[in-house]
$ cat final.txt   # compact mmCIF, C-alpha atoms
# COMPACT_ATOMS: atom_id res chain seq x y z
CA MET A 252 42.73 -29.93 79.46
CA THR A 253 42.46 -28.55 76.06
CA THR A 254 39.54 -29.15 73.75
CA THR A 255 39.85 -29.22 70.05
CA SER A 256 37.01 -27.89 67.98
CA VAL A 257 35.90 -30.03 65.09
CA ASP A 258 34.75 -28.29 61.96
CA THR A 259 31.43 -29.93 61.15
CA THR A 260 30.62 -27.78 58.15
CA THR A 261 30.27 -29.63 54.87
CA PRO A 262 33.02 -28.74 52.47
CA THR A 263 31.71 -26.98 49.45
CA ALA A 264 32.54 -28.25 46.04
CA PRO A 265 34.28 -25.90 43.70
CA ASP A 266 31.98 -23.95 41.44
CA GLU A 267 31.21 -25.73 38.21
CA PRO A 268 30.41 -23.86 35.03
CA PRO A 269 26.75 -24.09 34.10
CA ALA A 270 26.09 -26.69 31.49
CA VAL A 271 24.33 -24.38 29.06
CA ALA A 272 26.58 -24.43 26.05
CA GLU A 273 26.18 -28.15 25.48
CA PRO A 274 22.34 -28.16 25.27
CA ARG A 275 22.44 -25.15 22.97
CA ARG A 276 24.93 -26.88 20.75
CA GLY A 277 22.72 -29.96 20.74
CA ARG A 278 19.65 -27.95 19.79
CA ARG A 279 21.52 -26.31 16.92
CA GLY A 280 22.53 -29.71 15.64
CA VAL A 281 18.93 -30.95 15.77
CA VAL A 282 17.68 -27.84 13.96
CA GLY A 283 20.36 -28.31 11.31
CA TRP A 284 19.31 -31.91 10.66
CA VAL A 285 15.65 -30.89 10.50
CA LEU A 286 16.38 -28.16 7.96
CA LEU A 287 18.66 -30.34 5.85
CA PRO A 288 15.88 -31.95 3.70
CA ALA A 289 14.28 -28.58 2.95
CA VAL A 290 17.63 -27.03 2.05
CA ALA A 291 18.47 -30.01 -0.17
CA VAL A 292 15.13 -29.72 -2.01
CA LEU A 293 15.67 -25.98 -2.57
CA LEU A 294 19.21 -26.52 -3.85
CA VAL A 295 18.25 -29.33 -6.23
CA PHE A 296 14.88 -28.16 -7.53
CA PHE A 297 15.19 -24.37 -7.31
CA PHE A 298 18.70 -22.95 -7.07
CA TYR A 299 20.36 -25.39 -9.47
CA PRO A 300 17.82 -24.86 -12.32
CA LEU A 301 17.89 -21.11 -11.67
CA ALA A 302 21.68 -21.04 -11.78
CA THR A 303 21.62 -23.09 -14.98
CA ILE A 304 19.23 -20.64 -16.65
CA VAL A 305 21.30 -17.62 -15.61
CA TRP A 306 24.53 -19.31 -16.74
CA SER A 307 23.09 -20.25 -20.15
CA SER A 308 22.00 -16.64 -20.69
CA PHE A 309 25.66 -15.61 -20.43
CA ALA A 310 27.40 -18.68 -21.92
CA GLU A 311 25.32 -19.51 -25.03
CA PRO A 312 25.93 -19.31 -27.92
CA THR A 313 29.13 -17.48 -26.94
CA PHE A 314 30.15 -16.25 -23.53
CA GLY A 315 29.27 -12.61 -23.00
CA LEU A 316 26.36 -10.18 -22.85
CA ALA A 317 25.07 -10.80 -26.38
CA ASN A 318 21.69 -12.11 -25.18
CA TYR A 319 21.16 -9.13 -22.90
CA THR A 320 22.26 -6.70 -25.59
CA ALA A 321 19.76 -8.23 -28.00
CA LEU A 322 17.12 -8.12 -25.30
CA PHE A 323 17.38 -4.37 -24.91
CA THR A 324 17.89 -3.54 -28.58
CA ASP A 325 15.39 -5.71 -30.44
CA GLY A 326 12.62 -3.14 -29.98
CA VAL A 327 10.15 -5.69 -28.58
CA SER A 328 11.48 -7.07 -25.29
CA VAL A 329 11.72 -3.69 -23.56
CA THR A 330 8.15 -2.88 -24.62
CA VAL A 331 6.95 -6.21 -23.24
CA LEU A 332 8.83 -5.67 -19.97
CA LEU A 333 7.35 -2.20 -19.52
CA ARG A 334 3.88 -3.50 -20.37
CA THR A 335 4.28 -6.27 -17.80
CA LEU A 336 5.46 -3.85 -15.11
CA ARG A 337 2.58 -1.48 -15.88
CA THR A 338 0.04 -4.30 -15.77
CA ALA A 339 1.42 -5.64 -12.48
CA LEU A 340 1.35 -2.15 -10.98
CA ILE A 341 -2.26 -1.56 -12.05
CA VAL A 342 -3.35 -4.99 -10.82
CA GLY A 343 -1.69 -4.36 -7.45
CA LEU A 344 -3.26 -0.91 -7.02
CA VAL A 345 -6.75 -1.97 -8.08
CA ALA A 346 -6.60 -5.07 -5.87
CA LEU A 347 -5.49 -2.87 -2.96
CA VAL A 348 -8.35 -0.42 -3.48
CA VAL A 349 -10.88 -3.27 -3.58
CA ALA A 350 -9.36 -5.39 -0.81
CA TYR A 351 -8.67 -2.70 1.81
CA PRO A 352 -12.33 -1.87 2.62
CA TYR A 353 -13.18 -5.58 2.53
CA ALA A 354 -10.40 -6.48 4.98
CA TYR A 355 -11.35 -3.51 7.18
CA ALA A 356 -14.97 -4.68 7.24
CA MET A 357 -13.79 -8.15 8.30
CA THR A 358 -12.32 -6.61 11.46
CA ARG A 359 -15.52 -4.74 12.39
CA VAL A 360 -18.25 -7.35 11.89
CA SER A 361 -19.43 -10.17 14.13
CA ARG A 362 -17.68 -13.52 14.26
CA ARG A 363 -20.34 -15.25 12.15
CA THR A 364 -20.26 -12.56 9.46
CA ARG A 365 -16.47 -12.66 9.50
CA ALA A 366 -16.58 -16.40 8.87
CA VAL A 367 -18.83 -15.84 5.84
CA LEU A 368 -16.50 -13.14 4.48
CA THR A 369 -13.50 -15.40 4.99
CA VAL A 370 -15.19 -18.22 3.09
CA LEU A 371 -15.91 -15.81 0.22
CA VAL A 372 -12.22 -14.91 0.12
CA LEU A 373 -11.08 -18.53 0.19
CA LEU A 374 -13.68 -19.72 -2.32
CA PRO A 375 -11.49 -18.95 -5.38
CA PHE A 376 -8.80 -21.29 -3.98
CA TRP A 377 -11.33 -24.13 -4.19
CA THR A 378 -11.90 -23.47 -7.90
CA SER A 379 -9.47 -24.29 -10.68
CA VAL A 380 -7.56 -21.35 -12.12
CA MET A 381 -8.39 -22.62 -15.61
CA ALA A 382 -12.09 -22.71 -14.78
CA ARG A 383 -12.03 -19.14 -13.50
CA ASN A 384 -10.18 -17.91 -16.57
CA PHE A 385 -12.59 -19.68 -18.93
CA ALA A 386 -15.44 -18.06 -17.00
CA TRP A 387 -13.85 -14.66 -17.69
CA TYR A 388 -13.45 -15.73 -21.33
CA LEU A 389 -17.21 -16.18 -21.58
CA LEU A 390 -17.90 -12.93 -19.75
CA GLU A 391 -15.58 -10.77 -21.84
CA GLN A 392 -16.26 -12.11 -25.31
CA ARG A 393 -18.55 -10.44 -27.83
CA ASP A 394 -22.21 -10.76 -26.85
CA GLY A 395 -21.05 -11.89 -23.42
CA LEU A 396 -22.54 -10.79 -20.13
CA ILE A 397 -20.38 -7.67 -19.90
CA ASP A 398 -21.23 -6.63 -23.46
CA ARG A 399 -24.94 -7.20 -22.83
CA PHE A 400 -24.81 -5.24 -19.57
CA PHE A 401 -23.37 -2.13 -21.23
CA SER A 402 -25.79 -2.53 -24.13
CA LEU A 403 -28.62 -1.86 -21.68
CA PHE A 404 -27.24 1.69 -21.30
CA GLY A 405 -26.74 2.20 -25.02
CA ILE A 406 -23.02 1.40 -24.99
CA ASP A 407 -22.37 -1.27 -27.61
CA GLY A 408 -19.20 -3.15 -28.48
CA VAL A 409 -17.68 -3.41 -25.01
CA VAL A 410 -15.55 -6.47 -25.72
CA LEU A 411 -12.73 -6.89 -23.22
CA LEU A 412 -11.46 -10.19 -24.60
CA GLY A 413 -8.10 -9.79 -26.28
CA SER A 414 -7.26 -6.50 -24.56
CA VAL A 415 -4.96 -5.46 -21.75
CA THR A 416 -8.00 -4.16 -19.86
CA GLY A 417 -9.69 -7.55 -19.99
CA VAL A 418 -6.52 -9.28 -18.80
CA THR A 419 -6.13 -6.75 -15.98
CA VAL A 420 -9.71 -7.17 -14.76
CA ALA A 421 -9.42 -10.94 -14.69
CA MET A 422 -6.04 -10.84 -12.96
CA VAL A 423 -7.40 -8.53 -10.25
CA GLN A 424 -10.10 -11.09 -9.48
CA VAL A 425 -7.55 -13.92 -9.42
CA MET A 426 -5.09 -12.00 -7.22
CA LEU A 427 -7.66 -10.53 -4.83
CA PRO A 428 -7.33 -13.23 -2.12
CA PHE A 429 -3.56 -12.67 -2.05
CA MET A 430 -4.26 -9.06 -1.11
CA VAL A 431 -7.12 -9.57 1.32
CA LEU A 432 -5.44 -12.15 3.55
CA PRO A 433 -2.25 -10.17 4.38
CA LEU A 434 -4.33 -7.04 4.89
CA TYR A 435 -6.73 -8.76 7.26
CA SER A 436 -3.84 -10.33 9.20
CA ASN A 437 -2.42 -6.86 9.79
CA LEU A 438 -5.66 -4.93 10.33
CA SER A 439 -6.95 -7.44 12.86
CA SER A 440 -3.95 -6.69 15.10
CA ILE A 441 -4.60 -2.93 15.24
CA ASP A 442 -6.18 -1.70 18.47
CA LEU A 443 -9.29 0.24 17.43
CA ARG A 444 -9.22 2.13 20.73
CA LEU A 445 -6.40 4.23 19.26
CA MET A 446 -8.85 5.82 16.85
CA ASP A 447 -11.26 6.48 19.70
CA ALA A 448 -8.42 8.11 21.62
CA ALA A 449 -7.57 10.31 18.64
CA THR A 450 -11.24 11.28 18.32
CA SER A 451 -11.41 12.18 22.00
CA LEU A 452 -8.42 14.48 21.51
CA GLY A 453 -10.24 16.50 18.86
CA ALA A 454 -9.59 14.70 15.60
CA ASN A 455 -12.53 13.77 13.40
CA ARG A 456 -13.01 10.23 12.14
CA LEU A 457 -11.32 10.90 8.80
CA LYS A 458 -8.29 12.54 10.36
CA SER A 459 -7.93 9.83 13.01
CA PHE A 460 -8.07 7.21 10.28
CA ALA A 461 -5.46 9.01 8.17
CA ARG A 462 -3.12 9.82 11.07
CA VAL A 463 -3.46 6.67 13.20
CA TYR A 464 -5.09 3.71 11.48
CA LEU A 465 -3.62 4.06 7.98
CA PRO A 466 0.05 4.28 9.10
CA LEU A 467 -0.42 1.22 11.31
CA SER A 468 -1.88 -0.69 8.36
CA LEU A 469 1.06 0.03 6.06
CA PRO A 470 2.85 -3.29 6.78
CA GLY A 471 -0.20 -5.18 5.52
CA VAL A 472 -0.51 -2.85 2.52
CA VAL A 473 3.15 -3.31 1.63
CA SER A 474 3.14 -7.09 2.04
CA GLY A 475 -0.11 -7.56 0.12
CA PHE A 476 0.87 -5.24 -2.71
CA SER A 477 4.34 -6.76 -3.07
CA LEU A 478 2.89 -10.28 -3.12
CA VAL A 479 0.33 -9.43 -5.81
CA PHE A 480 2.84 -7.41 -7.82
CA ILE A 481 5.49 -10.14 -7.87
CA VAL A 482 3.04 -12.95 -8.68
CA THR A 483 1.51 -10.86 -11.47
CA LEU A 484 4.93 -10.29 -13.05
CA GLY A 485 5.21 -13.97 -13.93
CA PHE A 486 1.54 -14.86 -14.39
CA PHE A 487 0.94 -16.90 -17.53
CA VAL A 488 -2.52 -18.51 -17.68
CA THR A 489 -4.70 -15.39 -17.65
CA PRO A 490 -2.81 -13.35 -20.28
CA ALA A 491 -2.40 -16.45 -22.45
CA LEU A 492 -6.15 -17.19 -22.51
CA LEU A 493 -7.59 -13.67 -22.46
CA GLY A 494 -4.88 -11.67 -24.19
CA THR A 495 -3.44 -11.58 -27.69
CA PRO A 496 0.09 -12.04 -29.07
CA GLN A 497 0.15 -8.31 -29.82
CA GLN A 498 -0.41 -7.57 -26.11
CA SER A 499 1.85 -10.28 -24.72
CA LEU A 500 3.41 -10.14 -21.27
CA VAL A 501 6.83 -11.45 -20.26
CA SER A 502 5.65 -14.97 -19.45
CA GLN A 503 4.09 -15.37 -22.91
CA VAL A 504 7.24 -14.13 -24.66
CA ILE A 505 9.38 -16.56 -22.64
CA GLU A 506 7.05 -19.41 -23.56
CA THR A 507 7.23 -18.46 -27.24
CA ARG A 508 11.01 -18.28 -27.20
CA VAL A 509 11.30 -21.67 -25.53
CA GLY A 510 8.48 -23.55 -27.28
CA ASP A 511 8.50 -22.08 -30.77
CA LEU A 512 11.92 -20.51 -31.35
CA LEU A 513 13.98 -22.82 -29.10
CA ASP A 514 15.83 -19.69 -27.96
CA PHE A 515 16.74 -20.93 -24.50
CA PRO A 516 19.53 -18.37 -23.87
CA GLY A 517 17.28 -15.47 -24.89
CA ALA A 518 14.47 -16.77 -22.69
CA GLY A 519 16.96 -17.18 -19.85
CA ALA A 520 18.11 -13.58 -20.28
CA MET A 521 14.53 -12.32 -20.11
CA GLY A 522 13.84 -14.49 -17.07
CA SER A 523 17.01 -13.18 -15.42
CA VAL A 524 15.92 -9.59 -15.99
CA LEU A 525 12.54 -10.42 -14.48
CA LEU A 526 14.32 -11.98 -11.49
CA VAL A 527 16.37 -8.81 -11.01
CA VAL A 528 13.20 -6.72 -11.11
CA THR A 529 11.64 -8.98 -8.48
CA LEU A 530 14.68 -8.67 -6.21
CA VAL A 531 14.62 -4.89 -6.57
CA VAL A 532 10.94 -4.86 -5.57
CA LEU A 533 11.67 -7.04 -2.54
CA PHE A 534 14.54 -4.75 -1.53
CA ALA A 535 12.31 -1.69 -1.84
CA VAL A 536 9.63 -3.43 0.22
CA SER A 537 12.15 -4.23 2.95
CA ARG A 538 13.21 -0.58 3.06
CA ILE A 539 9.60 0.59 3.28
CA ALA A 540 8.70 -1.99 5.92
CA LYS A 541 11.42 -0.82 8.32
CA PRO A 542 9.86 2.60 9.06
CA THR A 543 6.44 1.02 9.50
CA ALA A 544 7.87 -1.53 11.94
CA ALA A 545 9.50 1.30 13.89
CA LEU A 546 6.15 3.12 13.95
CA ASN A 547 4.42 0.05 15.36
CA GLN A 548 7.06 -0.29 18.06
CA ALA A 549 6.68 3.37 19.00
CA VAL A 550 2.93 2.97 19.32
CA ASP A 551 3.36 -0.15 21.43
CA ARG A 552 5.76 1.63 23.77
CA ALA A 553 3.36 4.55 24.06

$ encode --input "final.txt" --output "C-alpha cells"
Amino acid sequence: MTTTSVDTTTPTAPDEPPAVAEPRRGRRGVVGWVLLPAVAVLLVFFFYPLATIVWSSFAEPTFGLANYTALFTDGVSVTVLLRTLRTALIVGLVALVVAYPYAYAMTRVSRRTRAVLTVLVLLPFWTSVMARNFAWYLLEQRDGLIDRFFSLFGIDGVVLLGSVTGVTVAMVQVMLPFMVLPLYSNLSSIDLRLMDAATSLGANRLKSFARVYLPLSLPGVVSGFSLVFIVTLGFFVTPALLGTPQQSLVSQVIETRVGDLLDFPGAGAMGSVLLVVTLVVLFAVSRIAKPTAALNQAVDRA
C-alpha cells in the first residue's frame, strides 16, 4: 500500500515590484501644483518686466548697443556706477564691523538679555523707512545734533547732510539689521567648546578665535555682507533725501532718466548693468561659500 504525500505548503506568489515609483511621482505632481502659483507670479510680475527692460535697452531707439555705448562714454554714468559700488562696499564693511561684535554678544549672553538685543535689532523694522531717514535729516543738518556735539569739542561746521559721508552713515544704520540677523544665525550654530579645545592645546584666546571661530563664521559674514551690499546698490530713499544731485547714486540717476528725461532705454541699460553687477557679486559669493561649507563639514566630521 503506497501512500502519497500531499504538499501542504502555501504556494508563494511571484515577487511584485515595490510600489515606490508611483507615490514619488504623485508627490512630484503635488509639489508642482503647489509651486505653480508662485512661479506664475514670478513670471508675470518679475521676469516679464525685467525682460522688457533689458529688451528695450537693446531695441530702442534702434536695435544695437547704442544705449550701452552712451552709458560708458558720457562721462557721468561710469562715475555714478563707481560711486555706487564704493558706497555699497563701505556700507557693507562698516555694517560688518559694527554687527559682528553685536551678533557675537547675542550668542554669549543669557536668554533674557538675548531677547532684549533681538528686540533692539528688530525695532527698526517697526519704524517707517521714511521716518528714519527724516530723523537722520534732522541729525545731519546744520545746527543739528551731530553739529552741536562736535561743537562741544571746538569742531564747528560738521554738516553731513548733502554729502556721501552722511548718506553712508544713514545707510549703515538702515542696513544694520540685515547684517546682524544672518550673522547671529550662523554664530549661534558654532560650538564654543571648539575654542576651549584650541585653548587647551596651547593657543591663546586671540589665536583660537582667529584660527577656529572666525573661519567657522565666514558663511554668516559672506551672506550678511552680500545681502547688505546688493540691497545698497539699488537703495533710493536714503540717498534721495540726504544726498545731492552732484553726489547721486545709480538709483537716483535711473529715476531722473525715467521721470525727467523720459529716457527709458538709457535707464534700462543702466539697470541692466546694475543687474549684471549683482549677478557677479552673487557668483563670487557662491564661490566663496563653497570653501567655508567644506570647512564646516570637515569640522563636523572631526

$ residues_around --input "final.txt" --residues "A:Leu373" --least-positions-apart "4" --cutoff "8 Å" --atoms "all atoms listed in the file" --output "JSON, numbers by chain"
{"A": [369, 377, 428]}

$ write_last_selection --input "final.txt" --atoms "C-alpha atoms" --output "mmCIF file, keeping the file's coordinate frame"
data_model
loop_
_atom_site.group_PDB
_atom_site.id
_atom_site.type_symbol
_atom_site.label_atom_id
_atom_site.label_comp_id
_atom_site.auth_asym_id
_atom_site.auth_seq_id
_atom_site.Cartn_x
_atom_site.Cartn_y
_atom_site.Cartn_z
ATOM 1 C CA THR A 369 -13.500 -15.400 4.990
ATOM 2 C CA TRP A 377 -11.330 -24.130 -4.190
ATOM 3 C CA PRO A 428 -7.330 -13.230 -2.120
#

$ closest_atom_pairs --input "final.txt" --of "stretch 394-509 of chain A" --to "stretch 327-334 of chain A" --cutoff "9 Å" --atoms "all atoms listed in the file" --output "CSV"
residue,atom,partner,partner_atom,distance
A:Gln498,CA,A:Val331,CA,8.0
A:Ser499,CA,A:Val331,CA,6.7
A:Leu500,CA,A:Val331,CA,5.6
A:Val501,CA,A:Val331,CA,6.0
A:Val504,CA,A:Val331,CA,8.1

$ closest_residue --input "final.txt" --among "A:Gly405, A:Gly413, A:Gly453, A:Pro490" --to "A:Gln392" --atoms "only C-alpha atoms"
A:Gly413

$ atom_distance --input "final.txt" --atom1 "atom CA of A:Phe298" --atom2 "atom CA of A:Val380"
26.8 Å

$ atom_distance --input "final.txt" --atom1 "atom CA of A:Leu368" --atom2 "atom CA of A:Met430"
14.1 Å

$ decode --input "final.txt" --residues "stretch 452-483 of chain A" --atoms "N, CA, C and O atoms" --output "compact mmCIF listing (two decimals), in the first residue's frame"
# COMPACT_ATOMS: atom_id res chain seq x y z
N LEU A 452 44.94 73.24 23.92
CA LEU A 452 46.06 72.73 23.15
C LEU A 452 47.20 73.73 23.02
O LEU A 452 48.17 73.49 22.31
N GLY A 453 47.07 74.88 23.70
CA GLY A 453 48.18 75.83 23.74
C GLY A 453 47.93 77.15 23.05
O GLY A 453 48.78 78.06 23.16
N ALA A 454 46.83 77.29 22.36
CA ALA A 454 46.55 78.55 21.68
C ALA A 454 45.94 79.54 22.66
O ALA A 454 45.13 79.16 23.52
N ASN A 455 46.29 80.82 22.52
CA ASN A 455 45.66 81.83 23.35
C ASN A 455 44.28 82.15 22.79
O ASN A 455 43.87 81.65 21.75
N ARG A 456 43.55 83.02 23.50
CA ARG A 456 42.18 83.30 23.09
C ARG A 456 42.12 83.96 21.73
O ARG A 456 41.24 83.67 20.92
N LEU A 457 43.06 84.88 21.45
CA LEU A 457 43.05 85.57 20.17
C LEU A 457 43.35 84.61 19.02
O LEU A 457 42.69 84.64 17.97
N LYS A 458 44.33 83.74 19.22
CA LYS A 458 44.68 82.80 18.16
C LYS A 458 43.58 81.77 17.96
O LYS A 458 43.28 81.40 16.81
N SER A 459 42.95 81.31 19.03
CA SER A 459 41.85 80.35 18.87
C SER A 459 40.67 80.98 18.16
O SER A 459 39.98 80.33 17.37
N PHE A 460 40.45 82.27 18.42
CA PHE A 460 39.37 82.96 17.72
C PHE A 460 39.69 83.09 16.23
O PHE A 460 38.84 82.87 15.37
N ALA A 461 40.94 83.47 15.92
CA ALA A 461 41.33 83.68 14.53
C ALA A 461 41.41 82.38 13.75
O ALA A 461 41.08 82.34 12.55
N ARG A 462 41.84 81.30 14.40
CA ARG A 462 42.05 80.03 13.70
C ARG A 462 40.81 79.14 13.69
O ARG A 462 40.68 78.30 12.79
N VAL A 463 39.92 79.29 14.66
CA VAL A 463 38.79 78.37 14.79
C VAL A 463 37.47 79.09 14.57
O VAL A 463 36.70 78.76 13.67
N TYR A 464 37.21 80.10 15.40
CA TYR A 464 35.88 80.72 15.39
C TYR A 464 35.65 81.54 14.12
O TYR A 464 34.58 81.44 13.49
N LEU A 465 36.62 82.35 13.75
CA LEU A 465 36.44 83.23 12.59
C LEU A 465 36.21 82.45 11.29
O LEU A 465 35.30 82.80 10.52
N PRO A 466 36.99 81.39 10.99
CA PRO A 466 36.68 80.63 9.76
C PRO A 466 35.30 80.00 9.78
O PRO A 466 34.64 79.93 8.73
N LEU A 467 34.83 79.54 10.93
CA LEU A 467 33.50 78.95 11.01
C LEU A 467 32.40 79.99 10.85
O LEU A 467 31.27 79.64 10.49
N SER A 468 32.72 81.26 11.12
CA SER A 468 31.71 82.31 10.98
C SER A 468 31.68 82.93 9.59
O SER A 468 30.84 83.80 9.32
N LEU A 469 32.55 82.50 8.70
CA LEU A 469 32.61 83.09 7.37
C LEU A 469 31.32 82.95 6.57
O LEU A 469 30.97 83.86 5.82
N PRO A 470 30.58 81.83 6.66
CA PRO A 470 29.30 81.79 5.93
C PRO A 470 28.34 82.90 6.33
O PRO A 470 27.69 83.50 5.47
N GLY A 471 28.26 83.21 7.62
CA GLY A 471 27.41 84.31 8.06
C GLY A 471 27.94 85.65 7.60
O GLY A 471 27.17 86.54 7.23
N VAL A 472 29.27 85.82 7.62
CA VAL A 472 29.87 87.06 7.15
C VAL A 472 29.58 87.26 5.67
O VAL A 472 29.19 88.36 5.24
N VAL A 473 29.75 86.21 4.88
CA VAL A 473 29.54 86.31 3.44
C VAL A 473 28.08 86.59 3.11
O VAL A 473 27.76 87.46 2.29
N SER A 474 27.17 85.87 3.76
CA SER A 474 25.75 86.07 3.47
C SER A 474 25.28 87.45 3.92
O SER A 474 24.55 88.14 3.19
N GLY A 475 25.70 87.90 5.09
CA GLY A 475 25.30 89.22 5.57
C GLY A 475 25.88 90.33 4.71
O GLY A 475 25.17 91.28 4.35
N PHE A 476 27.15 90.22 4.37
CA PHE A 476 27.78 91.27 3.56
C PHE A 476 27.17 91.32 2.17
O PHE A 476 26.90 92.41 1.64
N SER A 477 26.94 90.16 1.55
CA SER A 477 26.36 90.16 0.21
C SER A 477 24.94 90.72 0.22
O SER A 477 24.55 91.46 -0.70
N LEU A 478 24.17 90.42 1.27
CA LEU A 478 22.81 90.95 1.36
C LEU A 478 22.83 92.46 1.47
O LEU A 478 22.10 93.17 0.75
N VAL A 479 23.65 92.99 2.37
CA VAL A 479 23.74 94.44 2.55
C VAL A 479 24.28 95.11 1.29
O VAL A 479 23.78 96.15 0.86
N PHE A 480 25.30 94.52 0.68
CA PHE A 480 25.91 95.11 -0.50
C PHE A 480 24.91 95.20 -1.65
O PHE A 480 24.79 96.24 -2.31
N ILE A 481 24.18 94.13 -1.90
CA ILE A 481 23.24 94.11 -3.03
C ILE A 481 22.07 95.05 -2.79
O ILE A 481 21.65 95.78 -3.70
N VAL A 482 21.53 95.08 -1.56
CA VAL A 482 20.43 95.99 -1.28
C VAL A 482 20.89 97.44 -1.39
O VAL A 482 20.16 98.31 -1.90
N THR A 483 22.10 97.72 -0.95
CA THR A 483 22.61 99.09 -1.00
C THR A 483 22.81 99.56 -2.44
O THR A 483 22.66 100.76 -2.74
